[in-house]
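Just my_file_4.txt here, compact mmCIF, C-alpha atoms:
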```txt
# COMPACT_ATOMS: atom_id res chain seq x y z
CA MET E 1 14.13 -13.22 13.74
CA GLN E 2 10.94 -14.12 15.57
CA GLN E 3 9.72 -17.66 15.13
CA THR E 4 6.34 -18.97 14.07
CA SER E 5 6.50 -21.29 17.04
CA ILE E 6 4.22 -23.08 19.43
CA LYS E 7 4.54 -20.35 22.04
CA SER E 8 1.27 -19.66 23.84
CA ILE E 9 -0.43 -16.27 23.87
CA GLU E 10 0.62 -15.87 27.51
CA GLU E 11 4.23 -16.45 26.49
CA TRP E 12 3.94 -13.99 23.62
CA LYS E 13 2.83 -11.31 26.09
CA THR E 14 6.42 -11.12 27.36
CA ASP E 15 7.76 -10.36 23.86
CA SER E 16 9.01 -6.75 23.62
CA PHE E 17 7.39 -6.09 20.22
CA ILE E 18 4.04 -7.45 21.45
CA GLN E 19 4.31 -5.26 24.52
CA GLU E 20 4.80 -2.20 22.28
CA ALA E 21 1.73 -3.22 20.27
CA THR E 22 -0.24 -3.59 23.50
CA ALA E 23 0.91 -0.10 24.48
CA LEU E 24 -0.71 1.14 21.21
CA LYS E 25 2.55 2.44 19.76
CA GLU E 26 2.93 3.05 16.02
CA LEU E 27 5.06 0.12 14.87
CA PHE E 28 6.82 -1.19 11.78
CA TRP E 29 7.48 -4.90 11.23
CA PHE E 30 9.56 -6.35 8.41
CA ASN E 31 8.61 -9.97 7.66
CA PRO E 32 11.66 -12.21 8.23
CA ASN E 33 9.82 -15.16 6.71
CA ILE E 34 9.41 -13.67 3.24
CA LEU E 35 10.56 -15.88 0.37
CA PRO E 36 11.21 -15.28 -3.32
CA VAL E 37 7.91 -15.61 -5.17
CA GLN E 38 9.03 -18.75 -7.01
CA GLU E 39 9.74 -20.45 -3.68
CA ALA E 40 6.57 -19.22 -1.97
CA MET E 41 4.07 -20.11 -4.71
CA PRO E 42 4.33 -23.94 -4.47
CA LYS E 43 3.07 -23.57 -0.89
CA ILE E 44 -0.14 -21.84 -2.09
CA SER E 45 -3.17 -23.50 -3.70
CA LEU E 46 -4.12 -20.48 -5.86
CA SER E 47 -2.37 -19.39 -9.05
CA THR E 48 -2.27 -16.84 -11.85
CA ASP E 49 -4.75 -19.02 -13.76
CA ASP E 50 -7.30 -18.41 -11.00
CA ILE E 51 -6.81 -14.65 -11.30
CA ASN E 52 -7.21 -14.83 -15.08
CA ASP E 53 -10.43 -16.82 -14.67
CA ALA E 54 -11.78 -14.10 -12.34
CA ALA E 55 -10.81 -11.38 -14.81
CA GLU E 56 -12.61 -13.21 -17.63
CA ARG E 57 -15.77 -13.53 -15.50
CA LEU E 58 -15.78 -9.80 -14.84
CA GLU E 59 -15.46 -9.22 -18.59
CA ARG E 60 -18.55 -11.37 -19.21
CA PHE E 61 -20.53 -9.26 -16.74
CA ARG E 62 -19.59 -5.88 -18.23
CA PRO E 63 -22.73 -5.61 -20.42
CA TYR E 64 -24.93 -6.25 -17.39
CA ILE E 65 -23.05 -3.80 -15.16
CA ALA E 66 -23.21 -1.08 -17.82
CA HIS E 67 -26.97 -1.67 -18.16
CA ALA E 68 -27.74 -1.83 -14.43
CA PHE E 69 -25.44 0.98 -13.26
CA PRO E 70 -25.45 3.97 -15.66
CA GLU E 71 -22.41 5.49 -13.94
CA THR E 72 -20.32 2.68 -15.46
CA GLN E 73 -21.58 3.08 -19.04
CA LYS E 74 -18.73 5.37 -20.11
CA ALA E 75 -16.26 2.65 -19.05
CA GLY E 76 -18.35 -0.08 -20.67
CA GLY E 77 -19.30 -1.70 -17.37
CA LEU E 78 -15.75 -1.78 -16.04
CA ILE E 79 -15.51 -1.26 -12.28
CA GLU E 80 -12.15 0.46 -11.93
CA SER E 81 -10.55 3.43 -10.18
CA PRO E 82 -7.99 6.04 -11.23
CA LEU E 83 -4.30 5.87 -10.38
CA ARG E 84 -3.13 9.42 -9.62
CA ARG E 85 0.16 11.16 -9.10
CA ILE E 86 0.00 13.19 -5.87
CA PRO E 87 3.19 15.29 -5.76
CA HIS E 88 1.76 17.93 -3.41
CA MET E 89 0.73 15.26 -0.92
CA GLN E 90 4.13 13.60 -1.23
CA LYS E 91 5.77 16.89 -0.27
CA ALA E 92 3.32 17.30 2.62
CA VAL E 93 3.97 13.76 3.91
CA GLY E 94 7.71 14.43 3.82
CA GLU E 95 7.23 17.59 5.89
CA TYR E 96 4.70 15.91 8.20
CA THR E 97 7.10 13.04 8.98
CA GLU E 98 10.28 15.13 8.72
CA THR E 99 11.58 12.60 6.20
CA PRO E 100 13.34 13.37 2.90
CA LEU E 101 11.33 11.30 0.42
CA SER E 102 12.83 9.81 -2.74
CA GLY E 103 10.89 8.15 -5.53
CA GLU E 104 7.32 9.00 -6.51
CA LEU E 105 4.10 8.62 -4.53
CA LEU E 106 0.87 7.64 -6.31
CA LEU E 107 -2.66 7.12 -4.99
CA LYS E 108 -4.86 4.22 -6.12
CA CYS E 109 -8.30 5.75 -5.76
CA ASP E 110 -10.44 2.75 -4.83
CA SER E 111 -12.18 5.33 -2.67
CA HIS E 112 -13.86 6.37 -5.91
CA LEU E 113 -14.75 2.99 -7.41
CA PRO E 114 -18.22 3.08 -8.98
CA ILE E 115 -21.28 1.45 -7.42
CA SER E 116 -20.14 1.28 -3.78
CA GLY E 117 -17.16 3.63 -3.44
CA SER E 118 -14.59 1.34 -1.83
CA ILE E 119 -12.14 -1.50 -2.51
CA LYS E 120 -14.95 -3.86 -1.47
CA ALA E 121 -16.56 -3.15 -4.85
CA ARG E 122 -13.91 -5.50 -6.20
CA GLY E 123 -14.27 -8.63 -4.07
CA GLY E 124 -17.80 -8.17 -2.79
CA ILE E 125 -19.39 -7.47 -6.15
CA TYR E 126 -17.30 -10.19 -7.79
CA GLU E 127 -18.55 -12.86 -5.38
CA VAL E 128 -22.18 -11.80 -5.88
CA LEU E 129 -21.71 -11.98 -9.65
CA THR E 130 -19.99 -15.37 -9.39
CA HIS E 131 -22.87 -16.76 -7.32
CA ALA E 132 -25.47 -15.34 -9.71
CA GLU E 133 -23.70 -16.85 -12.72
CA LYS E 134 -23.43 -20.25 -11.03
CA LEU E 135 -27.13 -20.31 -10.13
CA ALA E 136 -28.36 -19.09 -13.53
CA CYS E 137 -26.12 -21.46 -15.48
CA ALA E 138 -27.14 -24.44 -13.32
CA ALA E 139 -30.80 -23.61 -13.97
CA GLY E 140 -30.23 -23.41 -17.74
CA LEU E 141 -31.05 -19.69 -17.78
CA LEU E 142 -27.60 -18.47 -18.82
CA GLN E 143 -24.59 -19.58 -20.86
CA TYR E 144 -21.12 -18.10 -20.90
CA THR E 145 -21.60 -17.08 -24.53
CA ASP E 146 -24.76 -15.03 -23.79
CA ASP E 147 -24.99 -11.27 -23.60
CA TYR E 148 -25.05 -10.91 -19.81
CA SER E 149 -27.23 -7.81 -19.98
CA MET E 150 -30.08 -10.36 -20.03
CA LEU E 151 -29.50 -10.69 -16.28
CA ALA E 152 -31.39 -7.43 -15.87
CA SER E 153 -34.63 -9.08 -17.01
CA GLU E 154 -37.65 -9.51 -14.74
CA ASP E 155 -37.51 -13.28 -15.21
CA LEU E 156 -33.98 -13.48 -13.85
CA ALA E 157 -34.80 -11.10 -11.00
CA HIS E 158 -37.71 -13.35 -10.06
CA PHE E 159 -35.41 -16.39 -10.17
CA PHE E 160 -32.79 -14.71 -7.94
CA SER E 161 -35.47 -13.53 -5.48
CA LYS E 162 -35.84 -17.13 -4.31
CA HIS E 163 -32.26 -17.03 -3.05
CA THR E 164 -30.59 -15.14 -0.21
CA ILE E 165 -27.09 -13.71 0.15
CA ALA E 166 -25.73 -12.95 3.63
CA VAL E 167 -22.55 -11.32 4.91
CA GLY E 168 -21.01 -9.99 8.13
CA SER E 169 -19.47 -6.55 7.74
CA THR E 170 -18.11 -3.43 9.40
CA GLY E 171 -19.64 -1.45 6.53
CA ASN E 172 -18.07 -1.30 3.08
CA LEU E 173 -18.25 -5.01 2.22
CA GLY E 174 -21.90 -4.97 3.25
CA LEU E 175 -22.50 -1.98 0.99
CA SER E 176 -20.98 -3.60 -2.10
CA ILE E 177 -22.74 -6.92 -1.58
CA GLY E 178 -26.04 -5.30 -0.63
CA ILE E 179 -26.14 -2.91 -3.58
CA MET E 180 -25.22 -5.52 -6.20
CA GLY E 181 -27.22 -8.34 -4.63
CA ALA E 182 -30.38 -6.27 -4.37
CA LYS E 183 -29.97 -4.95 -7.93
CA LEU E 184 -29.90 -8.52 -9.28
CA GLY E 185 -32.98 -9.41 -7.24
CA PHE E 186 -31.52 -11.42 -4.37
CA SER E 187 -32.80 -11.13 -0.82
CA VAL E 188 -29.77 -9.76 1.05
CA ASN E 189 -29.00 -9.91 4.79
CA VAL E 190 -26.11 -7.84 6.12
CA HIS E 191 -24.96 -8.44 9.70
CA MET E 192 -23.20 -5.29 10.90
CA SER E 193 -20.88 -4.75 13.82
CA ALA E 194 -21.22 -1.97 16.39
CA ASP E 195 -18.62 0.23 14.67
CA ALA E 196 -20.51 0.33 11.34
CA ARG E 197 -21.55 3.86 10.41
CA GLN E 198 -25.23 4.70 10.56
CA TRP E 199 -25.27 6.16 7.05
CA LYS E 200 -24.09 2.83 5.66
CA LYS E 201 -26.94 1.02 7.42
CA ASP E 202 -29.41 3.61 6.17
CA MET E 203 -28.17 3.31 2.58
CA LEU E 204 -28.46 -0.48 2.64
CA ARG E 205 -32.00 -0.33 3.97
CA SER E 206 -32.92 2.17 1.26
CA LYS E 207 -31.87 -0.48 -1.31
CA GLY E 208 -34.18 -3.08 0.25
CA VAL E 209 -31.45 -4.88 2.19
CA THR E 210 -32.17 -6.36 5.62
CA VAL E 211 -29.64 -5.08 8.16
CA PHE E 212 -28.99 -6.88 11.44
CA GLU E 213 -27.20 -4.76 14.04
CA TYR E 214 -24.98 -6.09 16.84
CA ASP E 215 -23.57 -4.35 19.89
CA ALA E 216 -20.28 -6.17 19.36
CA ASP E 217 -17.36 -6.25 16.94
CA TYR E 218 -16.86 -7.73 13.49
CA SER E 219 -16.14 -11.28 14.61
CA LEU E 220 -19.51 -11.67 16.34
CA ALA E 221 -21.40 -10.15 13.40
CA VAL E 222 -19.75 -12.69 11.09
CA ALA E 223 -20.44 -15.58 13.47
CA GLU E 224 -24.12 -14.67 13.77
CA GLY E 225 -24.46 -14.22 10.02
CA ARG E 226 -22.83 -17.56 9.37
CA LYS E 227 -25.08 -19.25 11.91
CA GLN E 228 -28.30 -17.83 10.42
CA ALA E 229 -27.22 -18.63 6.86
CA ALA E 230 -26.57 -22.27 7.78
CA LEU E 231 -30.28 -22.69 8.56
CA ASP E 232 -31.36 -21.73 5.01
CA PRO E 233 -30.40 -24.06 2.12
CA TYR E 234 -31.06 -21.23 -0.34
CA CYS E 235 -28.72 -18.80 1.44
CA HIS E 236 -25.15 -18.16 0.30
CA PHE E 237 -22.95 -16.74 3.05
CA ILE E 238 -20.08 -14.57 1.82
CA ASP E 239 -17.22 -15.18 4.22
CA ASP E 240 -14.68 -12.36 4.20
CA GLU E 241 -12.39 -14.45 6.42
CA ASN E 242 -12.18 -17.54 4.22
CA SER E 243 -13.57 -16.90 0.74
CA THR E 244 -11.20 -17.62 -2.14
CA THR E 245 -13.79 -16.06 -4.47
CA LEU E 246 -13.61 -12.71 -2.70
CA PHE E 247 -9.82 -13.00 -2.60
CA LEU E 248 -9.58 -13.51 -6.37
CA GLY E 249 -11.96 -10.64 -7.06
CA TYR E 250 -9.53 -8.37 -5.25
CA ALA E 251 -6.54 -9.96 -7.00
CA VAL E 252 -7.83 -8.84 -10.43
CA ALA E 253 -6.93 -5.28 -9.34
CA ALA E 254 -3.28 -6.16 -9.94
CA LYS E 255 -3.86 -6.80 -13.66
CA ARG E 256 -5.67 -3.48 -13.95
CA LEU E 257 -2.89 -1.68 -12.08
CA GLN E 258 -0.28 -3.16 -14.41
CA ALA E 259 -2.04 -1.56 -17.38
CA GLN E 260 -2.36 1.79 -15.59
CA LEU E 261 1.33 1.86 -14.71
CA SER E 262 2.17 1.09 -18.33
CA ASP E 263 -0.05 3.95 -19.51
CA MET E 264 1.82 6.26 -17.12
CA LYS E 265 5.18 5.07 -18.52
CA ILE E 266 6.16 3.63 -15.14
CA THR E 267 8.26 0.48 -15.26
CA VAL E 268 8.66 -2.00 -12.41
CA SER E 269 11.98 -3.81 -12.22
CA GLU E 270 14.78 -4.67 -9.83
CA GLN E 271 16.24 -1.21 -10.47
CA SER E 272 12.83 0.51 -10.19
CA PRO E 273 10.81 -1.42 -7.60
CA LEU E 274 7.20 -0.90 -6.58
CA PHE E 275 6.12 -0.41 -2.96
CA VAL E 276 2.41 -0.73 -2.13
CA TYR E 277 0.73 0.19 1.18
CA LEU E 278 -2.60 -1.52 1.81
CA PRO E 279 -5.02 -0.68 4.66
CA CYS E 280 -5.90 -3.98 6.32
CA GLY E 281 -8.87 -5.19 8.34
CA VAL E 282 -9.60 -8.92 8.31
CA GLY E 283 -7.20 -9.19 5.35
CA GLY E 284 -9.23 -10.32 2.32
CA GLY E 285 -9.01 -7.13 0.25
CA PRO E 286 -5.37 -6.20 0.83
CA GLY E 287 -4.36 -9.85 0.81
CA GLY E 288 -5.97 -10.44 -2.57
CA VAL E 289 -4.40 -7.31 -4.07
CA ALA E 290 -0.96 -8.24 -2.69
CA PHE E 291 -1.28 -11.79 -4.01
CA GLY E 292 -2.17 -10.50 -7.48
CA LEU E 293 0.69 -8.00 -7.47
CA LYS E 294 3.19 -10.70 -6.53
CA GLN E 295 1.98 -12.85 -9.45
CA ILE E 296 2.53 -10.01 -11.91
CA PHE E 297 5.61 -8.20 -10.61
CA GLY E 298 7.28 -11.01 -8.65
CA ASP E 299 10.06 -9.95 -6.32
CA HIS E 300 10.09 -6.40 -7.71
CA VAL E 301 6.95 -5.43 -5.76
CA HIS E 302 6.95 -5.02 -1.98
CA CYS E 303 3.58 -5.03 -0.22
CA PHE E 304 2.86 -3.83 3.32
CA PHE E 305 -0.32 -4.02 5.40
CA ALA E 306 -1.35 -0.87 7.31
CA GLU E 307 -3.51 -1.18 10.42
CA PRO E 308 -4.80 1.03 13.27
CA THR E 309 -2.84 0.87 16.52
CA HIS E 310 -6.07 -0.23 18.22
CA SER E 311 -6.71 -3.07 15.71
CA PRO E 312 -3.39 -4.64 14.64
CA ALA E 313 -5.00 -8.03 13.99
CA MET E 314 -3.09 -9.15 10.90
CA LEU E 315 0.22 -7.85 12.25
CA LEU E 316 -0.22 -9.92 15.42
CA GLY E 317 -1.27 -13.01 13.48
CA LEU E 318 1.72 -12.82 11.15
CA TYR E 319 4.26 -11.82 13.77
CA THR E 320 3.39 -14.66 16.14
CA GLY E 321 2.57 -17.20 13.44
CA LEU E 322 -0.69 -17.87 15.28
CA HIS E 323 -2.80 -16.25 12.53
CA ASP E 324 -6.49 -16.50 13.50
CA ALA E 325 -5.61 -18.21 16.80
CA ILE E 326 -4.82 -14.79 18.30
CA SER E 327 -6.94 -11.65 18.56
CA VAL E 328 -6.20 -8.11 19.70
CA GLN E 329 -8.58 -8.68 22.62
CA ASP E 330 -6.35 -11.55 23.80
CA LEU E 331 -3.73 -8.89 24.52
CA GLY E 332 -6.14 -6.40 26.09
CA ILE E 333 -6.30 -4.13 23.02
CA ASP E 334 -9.79 -2.64 22.67
CA ASN E 335 -10.27 -2.78 18.85
CA ARG E 336 -11.89 0.66 18.92
CA THR E 337 -10.86 2.92 16.06
CA VAL E 338 -12.29 5.63 13.83
CA ALA E 339 -11.18 3.42 10.92
CA ASP E 340 -14.38 1.36 10.99
CA GLY E 341 -13.40 -0.69 7.93
CA LEU E 342 -10.25 -1.83 9.74
CA ALA E 343 -11.85 -2.47 13.14
CA VAL E 344 -11.16 -6.19 13.16
CA GLY E 345 -9.92 -8.04 16.23
CA ARG E 346 -9.09 -11.42 14.68
CA PRO E 347 -7.38 -11.76 11.27
CA SER E 348 -8.26 -14.17 8.49
CA GLY E 349 -6.29 -17.37 8.96
CA PHE E 350 -6.67 -18.14 5.27
CA VAL E 351 -5.14 -14.81 4.22
CA GLY E 352 -2.37 -14.90 6.84
CA LYS E 353 -1.27 -18.40 5.89
CA THR E 354 -1.49 -17.64 2.16
CA LEU E 355 0.56 -14.44 2.45
CA GLN E 356 2.97 -15.41 5.24
CA HIS E 357 5.87 -15.86 2.80
CA LEU E 358 4.79 -13.13 0.34
CA ILE E 359 3.89 -10.06 2.38
CA ASP E 360 6.89 -7.82 3.05
CA GLY E 361 5.70 -6.42 6.35
CA ALA E 362 3.16 -4.36 8.22
CA PHE E 363 2.87 -1.15 10.20
CA THR E 364 0.36 0.56 12.46
CA VAL E 365 -0.90 4.14 12.61
CA SER E 366 -2.94 5.98 15.21
CA ASP E 367 -6.39 7.44 14.66
CA ASP E 368 -4.86 10.91 15.02
CA THR E 369 -2.41 10.15 12.21
CA MET E 370 -5.26 9.05 9.92
CA PHE E 371 -7.24 12.22 10.68
CA GLU E 372 -4.23 14.45 10.03
CA LEU E 373 -3.35 12.72 6.75
CA LEU E 374 -7.00 12.96 5.68
CA ALA E 375 -6.89 16.73 6.12
CA LEU E 376 -3.53 17.00 4.36
CA LEU E 377 -4.79 15.05 1.35
CA ALA E 378 -7.89 17.22 1.09
CA ASP E 379 -5.82 20.42 1.32
CA THR E 380 -3.02 19.40 -1.05
CA GLU E 381 -4.83 17.37 -3.71
CA ASP E 382 -8.56 18.02 -3.09
CA ILE E 383 -9.10 14.27 -2.68
CA TRP E 384 -11.46 13.19 0.08
CA MET E 385 -11.32 9.73 1.65
CA GLU E 386 -12.52 8.15 4.89
CA PRO E 387 -9.98 7.78 7.74
CA SER E 388 -9.29 4.07 7.16
CA ALA E 389 -8.24 4.84 3.57
CA LEU E 390 -5.37 6.97 4.89
CA ALA E 391 -3.80 4.15 6.91
CA GLY E 392 -1.25 3.43 4.19
CA MET E 393 -0.42 7.03 3.24
CA LYS E 394 2.47 7.32 5.69
CA GLY E 395 4.03 4.14 4.31
CA ILE E 396 6.46 5.90 1.99
CA ALA E 397 8.04 7.67 4.98
CA ILE E 398 7.94 4.65 7.29
CA ILE E 399 9.76 2.55 4.70
CA GLN E 400 12.39 5.17 4.04
CA ASN E 401 12.96 5.63 7.76
CA ASN E 402 13.68 1.90 7.95
CA ASN E 403 15.95 1.83 4.96
CA GLU E 404 18.52 -0.38 6.69
CA LEU E 405 16.08 -3.27 6.50
CA LEU E 406 15.44 -2.54 2.84
CA LYS E 407 18.90 -1.55 1.61
CA GLN E 408 18.88 -4.28 -1.06
CA ARG E 409 15.71 -2.90 -2.66
CA ASN E 410 16.83 0.17 -4.65
CA ILE E 411 14.40 2.37 -2.77
CA GLU E 412 15.81 5.58 -4.25
CA ASN E 413 14.26 4.76 -7.63
CA ALA E 414 11.02 3.29 -6.31
CA THR E 415 7.40 4.01 -7.14
CA HIS E 416 5.15 4.05 -4.06
CA ILE E 417 1.38 3.47 -4.10
CA ALA E 418 -0.90 4.26 -1.19
CA TRP E 419 -4.11 2.27 -1.73
CA GLY E 420 -7.08 4.54 -1.00
CA THR E 421 -9.75 2.08 0.03
CA GLY E 422 -12.94 4.09 0.58
CA GLY E 423 -14.65 7.40 1.16
CA SER E 424 -16.44 8.82 -1.86
CA MET E 425 -19.87 7.86 -0.49
CA VAL E 426 -19.34 9.37 2.98
CA PRO E 427 -21.99 12.05 3.63
CA HIS E 428 -20.66 15.61 3.34
CA GLU E 429 -21.33 16.49 6.99
CA GLU E 430 -19.45 13.44 8.25
CA MET E 431 -16.51 14.06 5.93
CA GLN E 432 -16.31 17.65 7.12
CA ALA E 433 -16.22 16.43 10.72
CA TYR E 434 -13.29 14.14 9.86
CA TYR E 435 -11.53 17.03 8.12
CA LYS E 436 -12.02 19.41 11.04
CA SER E 437 -10.67 16.79 13.44
CA GLY E 438 -7.51 16.51 11.36
CA LYS E 439 -7.04 20.27 11.17
CA ALA E 440 -7.59 20.65 14.90
CA LEU E 441 -4.99 17.95 15.67
CA MET E 442 -2.47 19.89 13.60
CA ASN E 443 -3.55 23.18 15.20
CA ILE E 444 -4.58 24.54 11.82
CA SER E 445 -7.83 26.43 11.42
```
What does the file become when written as C-alpha cells?
Amino acid sequence: MQQTSIKSIEEWKTDSFIQEATALKELFWFNPNILPVQEAMPKISLSTDDINDAAERLERFRPYIAHAFPETQKAGGLIESPLRRIPHMQKAVGEYTETPLSGELLLKCDSHLPISGSIKARGGIYEVLTHAEKLACAAGLLQYTDDYSMLASEDLAHFFSKHTIAVGSTGNLGLSIGIMGAKLGFSVNVHMSADARQWKKDMLRSKGVTVFEYDADYSLAVAEGRKQAALDPYCHFIDDENSTTLFLGYAVAAKRLQAQLSDMKITVSEQSPLFVYLPCGVGGGPGGVAFGLKQIFGDHVHCFFAEPTHSPAMLLGLYTGLHDAISVQDLGIDNRTVADGLAVGRPSGFVGKTLQHLIDGAFTVSDDTMFELLALLADTEDIWMEPSALAGMKGIAIIQNNNELLKQRNIENATHIAWGTGGSMVPHEEMQAYYKSGKALMNIS
C-alpha cells in the first residue's frame, strides 16, 4: 500500500497512480489506511455528541425557518430532501457501464433541498444560524427556550445588520449563506471564483448580497475573502476549508438519512451494508456527511468521494498523505471542469486528516461522464440535477467492478446511495444545455 510519507511532490510525480491522475484518467482508489470506526474515532476531536448538539440547534430554529421561508412550512421548518428509489436509472447505469449491478440504488436528492437547492443548505445555513444564535444570546436578545420565530422581527434584523458574514465560494455555498444571511438581516459578502455560474451571482445580488468576483480559482477567492474579513472585527468569515461548524451541519444529514432508511424498511448491517457516493470539492460537505454516517452505521457503511478528473484534490491529498500541502496545479492539472461546485485545486487539510482513517476510497469521473449521466437521469427518472451532482452516480458500477478489493463487504446485498448535491435552482435554459450536451455525447437526439 502507498505510504503517507515524507516524499516530496517532485518524488510523487514518479508514482504510477499519480501519473494516471495527471493524465486525467478516470481512477478508483481504495483507502489502505482505513481503520475500524472504534479505532479511528480516538484520533478525532469531534464526536456523536457534537452532531447531536447541531441537530438540537436546527430543531430550535425550525419555527424561524418556517416563518421566514414559506416553502418549508409544510415540513415545519425542516430543511430536508427526499430519498428516492431509482430503479430505471440503476438499469441504465448498468447498461451504460456494461456492468451487472446487484443491490439497490437510491438517490439522496439534496439537489432539491429547500431555500438554496443544494447540499450547502445543510452546512452553510447551519453556520449562519449558529452565528446568529451566538450573537443574539450574547446580547441578551435570545434564549434557548424562546420561540425562535422572534428572529424574524425588525429589532433583530436591525441588530444583525451591524454584523457582516463573508465566505469564499464556487457557487452553492455562497448561495446558501447569502440567502439565509440576508434574510436574517446580516450584511453578506460572497467572494466567488472564476468558475462560479453567472446566474448564481445574479441571484445573490438580487437578495442584497455583495458579490466579489475573481479571475482565479476557489483557493484565491477564499484567501481574499479571509483577508478582507480579518480587517473587520464585526465580520464572521465562514471557512469551508476549516470550519467544524459547517462540518457538523453536514453531519446532521446522517441522522435524517437513518430515519428515511428506516421508513423505507431498509436495514444496514454486516450482511446488508450501505455504500454512499459523495461528490467532493474542498471536502466539507461530503466529509461531514461521511463522518456522520460512520457514527451511526459504524463499519457497515462505506463512503467514497467522487471528483472530476480535472480536479481530484481530495484524492491526491489522501493518496499522498500530504492533504492540503498538495494541489492539482502542483501536478500540472488545470482544475477546469463543468462541475463548478467541485472545481477545487487544494483540499481541506482539516477534512482530509479527520477522514483519513474513515473514508473508504475515492474515484474520478470525466466531464463527459457527468453530462451523460445527467441526461440518463432526466430520461429515466425525470430528475434534473447539475453536472457536479452526477459525480457519484457511477459509483455503484465502479465499486462492483472492483469487487476483489471489497470481497469482504457482502456487496451483493448492499444498498447504494448516490448523493445528489445540487441542481434544482439551475435556470431552465442552462439545464437544457447540459442535457443536450449529454445526449450529443451519447449520440442520442
task = Compare E:Val282, E:Ala92, E:Leu141, E:Ala216 by their minimum atom-to-atom distance to E:Phe159, counting only C-alpha atoms, and give me the closest one.
result =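 Closest residue, counting only C-alpha atoms: E:Leu141.
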Rows by chain and residue number, stretch 315-414 of chain E within 9 Å of stretch 72-89 of chain E, shortest pair, all atoms listed in the file, as a tab-separated table:
```
residue	atom	partner	partner_atom	distance
E:Leu376	CA	E:Met89	CA	7.0
E:Leu377	CA	E:Met89	CA	6.0
E:Asp379	CA	E:Met89	CA	8.6
E:Thr380	CA	E:His88	CA	5.5
E:Glu381	CA	E:Met89	CA	6.6
```
Practice problem: Considering only C-alpha atoms, return as a list in words whatever protein or nucleic-acid residues lie within 10 Å of E:Asp50, sequence-local ones (same chain, fewer than 4 positions apart) excluded. | Solution: Ser45, Leu46, Ala54, Ala55, Glu56, Thr244, Thr245, Leu248, Gly249, Ala251 and Val252 of chain E
Worksheet item: If you count only C-alpha atoms, which residues fall within 9 Å of stretch 261-268 of chain E, apart from same-chain ones fewer than 4 positions away, as a ChimeraX atom specification?
Response: /E:83,256-257,272-274,297,300-301,414-415
Q. Taking all atoms listed in the file into account, which of E:Tyr218, E:Tyr319, E:Trp419, E:Phe17 comes nearest E:Asp340?
A.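 Looking only at the distances to E:Asp340, the closest residue turns out to be E:Tyr218.
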Please complete stretch 196-210 of chain E with N, CA and C atoms and give it back as a short mmCIF file (atom, residue, chain, number, x, y, z; two decimals), in the coordinates of the input.
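Just written: selection17.cif:
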```cif
data_model
loop_
_atom_site.label_atom_id
_atom_site.label_comp_id
_atom_site.auth_asym_id
_atom_site.auth_seq_id
_atom_site.Cartn_x
_atom_site.Cartn_y
_atom_site.Cartn_z
N ALA E 196 -20.01 -0.05 12.67
CA ALA E 196 -20.51 0.33 11.34
C ALA E 196 -21.22 1.68 11.41
N ARG E 197 -20.96 2.53 10.42
CA ARG E 197 -21.55 3.86 10.41
C ARG E 197 -23.04 3.80 10.10
N GLN E 198 -23.78 4.69 10.74
CA GLN E 198 -25.23 4.70 10.56
C GLN E 198 -25.62 4.96 9.12
N TRP E 199 -24.89 5.83 8.43
CA TRP E 199 -25.27 6.16 7.05
C TRP E 199 -25.15 4.95 6.14
N LYS E 200 -24.23 4.04 6.46
CA LYS E 200 -24.09 2.83 5.66
C LYS E 200 -25.29 1.90 5.88
N LYS E 201 -25.74 1.81 7.13
CA LYS E 201 -26.94 1.02 7.42
C LYS E 201 -28.16 1.62 6.72
N ASP E 202 -28.27 2.93 6.79
CA ASP E 202 -29.41 3.61 6.17
C ASP E 202 -29.42 3.40 4.66
N MET E 203 -28.24 3.49 4.03
CA MET E 203 -28.17 3.31 2.58
C MET E 203 -28.58 1.90 2.20
N LEU E 204 -28.10 0.90 2.94
CA LEU E 204 -28.46 -0.48 2.64
C LEU E 204 -29.97 -0.69 2.75
N ARG E 205 -30.56 -0.16 3.81
CA ARG E 205 -32.00 -0.33 3.97
C ARG E 205 -32.77 0.35 2.86
N SER E 206 -32.25 1.47 2.36
CA SER E 206 -32.92 2.17 1.26
C SER E 206 -32.90 1.36 -0.04
N LYS E 207 -31.97 0.39 -0.13
CA LYS E 207 -31.87 -0.48 -1.31
C LYS E 207 -32.69 -1.76 -1.13
N GLY E 208 -33.38 -1.88 0.01
CA GLY E 208 -34.18 -3.08 0.25
C GLY E 208 -33.44 -4.20 0.95
N VAL E 209 -32.26 -3.89 1.50
CA VAL E 209 -31.45 -4.88 2.19
C VAL E 209 -31.87 -4.96 3.66
N THR E 210 -31.89 -6.17 4.21
CA THR E 210 -32.17 -6.36 5.62
C THR E 210 -30.87 -6.24 6.42
#
```
